[in-house]
Amino acid sequence: MGLPQGGSLQSLRCKYLVAFHAKLYVRIKSWVPFFDSGNQNLYQVSKNNQSYFCKQLADWLSVTEWHFTTLIAVCIESINELPDNADQFISGLLLSFQDRPPYPLLLRYVRESVIIQKWFSDNVIVPSVKSFNLGTLETSSTVNPDFPELDSLIDLAYWLGISYTQLEWLADVKRNDIHQADRHKHYHYSVVEKRRGGMRLIESPKALLKRIQRQLYSGLLIKVPVHSAAHGFRANRGCLTHAQNHNNKEYLFTFDLVNCFQSIDYYPVYRIFRGLDYSKEVARYLSCLCTNRYNGPRSLFAMLDQGQRNRVKRRHLAQGAPTSPVLSNLVMRVLDKRLSGLAKSLDLHYSRYADDLAFSGDTHRDWRFLEPLVGSICLEEGFELNYRKSRTIRSHQRQKITGVVVNEGPNIDRRYYDRLKAILTNCIRHGVEAQNVENHRDFRAYLLGRITFVETLNKNKGLKLLGLYRQIDFR
């Protein structure tokens with residue numbers, strides 16, 4: 001903290017006031033209608049009473065951006081006969097409060113400041129403050145009228161339908177204890193085995209937090225636009241629209257990201273909410289409601305690979321939270337923008353479905369440079385390619401994306417269709433229980449979902465499977 005090197009308080013006055021007045025002008029324009037019609041002068045009589053001084057200074061600081069430059073500019077603007085150690089007061093204030101504190105705490109800090117007390121006891125000429133009419137000041141609201149107005153934590157708690165104490169508990173902003181009792185934890189933890197080896201961590205929020213996250217999804221996050229190249233977790237988009245971008249191409253390149261959700265930590269999520277014009281404090285709590293730091297059983301933690309362990313020890317998007325899919329799309333907007341630009345420069349098409357990246361085109365060239373180039377861009381954006389899953393597929397091979405074959409238009413994979421047909425046939429002959437080898441809770445719905453997927457790609461084959469499904473005795 002303190003003054004920038006090589007300058008004094010006096011030399012900074014003009015420099016800081018330029019930036020301050022530009023921002024203050026915007027605020028004043030919105031405040032003017034609230035002043036008495038007969039009082040067009042924003043400033044009132046300066047007073048040097050210490051109690052009055054502290055109250056008015058706290059008023060000024062409470063409506064200012066929480067940054068050294070703007071805070072010192074407020075002091076320069078509002079205080080006559082400003083002492084030279086005002087920068088020490090601001091530095092101490094920022095050290096005590098990382099973000100703007102509630103007004104009562106701010107006023108208490110100003111009144112108890114040793115520096116300000118010395119201003120009134122040691123100086124022959126005591127400083128005076130310009131009073132500012134803040135009695136009818138309205139708090140700033142978000143720019144987009146479609147977004148909920150959450151100007152404080154009280155507003156956030158009210159909008160979510162919970163108390164402020166519950167908000168503090170659910171956001172878990174300050175707790176770092178991984179050994180807390182299970183009843184105080186907000187997630188259920190489990191692991192499932194990946195098809196190609198390794199374990200996937202599932203973090204399912206408990207009932208109250210899940211309701212809160214669903215409200216954040218439906219009331220806020222779903223309204224934020226994402227990049228057009230993203231096809232996962234969007235209305236009227238899916239694996240079919242993702243695949244249709246790459247129909248009948250000479251070359252198809254597919255890439256996969258490693259542990260996509262876990263790679264997105266707290267800070268990109270925080271930047272999303274700050275970008276929606278929420279205050280630092282509200283954005284911090286919103287981000288904490290949508291991220292999680294692993295505090296589950298050690299036995300499950302030991303089953304994860306080292307990369308996952310490192311990721312889940314910090315706040316990250318939980319695989320199993322309702323908000324994680326849409327937030328991943330929002331965080332990956334910059335990645336989608338960069339990869340779309342790369343594709344355009346190479347005369348390729350690009351699209352993404354969740355953590356699956358796909359490029360396609362008809363230009364004949366040596367494409368071996370594409371994988372390291374895509375991988376380097378992903379690394380710069382905080383993601384890592386799973387190079388074992390990278391594929392370059394020519395038109396004479398079976399070009400498959402997210403279960404859809406795209407050689408001559410989207411179609412179902414023959415092997416997928418044959419396996420599903422065999423399962424349905426065996427259900428008719430040998431019963432349902434013998435075929436539910438993966439122990440699906442609702443095997444009937446699981447089969448119907450797979451049949452529906454086939455029908456979206458090939459209606460005739462889907463109808464054939466549906467005919468077999470209707471012959472199964474599920475009793």
# chains A, B, ... in the order shown; residues from 1 in each chain; ligands from 1
$ select_by_dssp --residues "region 204-354 of chain A" --states "strand (DSSP E or B)" --output "VMD selection string"
chain A and resid 204 to 205 230 251 to 257 265 291 to 292 316 to 317 349 to 353
$ residues_around --residues "region 148-161 of chain A" --least-positions-apart "2" --cutoff "12 Å" --atoms "only C-alpha atoms" --output "number ranges by chain"
A: 100-103, 138-146, 163-171, 208-221, 223, 273-274, 276-286, 289
$ closest_residue --among "A:Thr402, A:Ala230, A:Arg391, A:Val312" --to "Val334 (chain A)" --atoms "only C-alpha atoms"
A:Ala230
$ atom_distance --atom1 "CA of Leu424 (chain A)" --atom2 "CA of Ile451 (chain A)"
10.1 Å
$ residues_around --residues "region 350-360 of chain A" --least-positions-apart "5" --cutoff "9 Å" --atoms "only C-alpha atoms" --output "JSON, numbers by chain"
{"A": [228, 229, 230, 231, 232, 233, 238, 239, 242, 243, 245, 246, 247, 249, 250, 251, 252, 253, 254, 255, 256, 257, 258, 259, 260, 261, 325, 328, 329, 336, 339, 340, 342, 343, 344, 401, 402]}
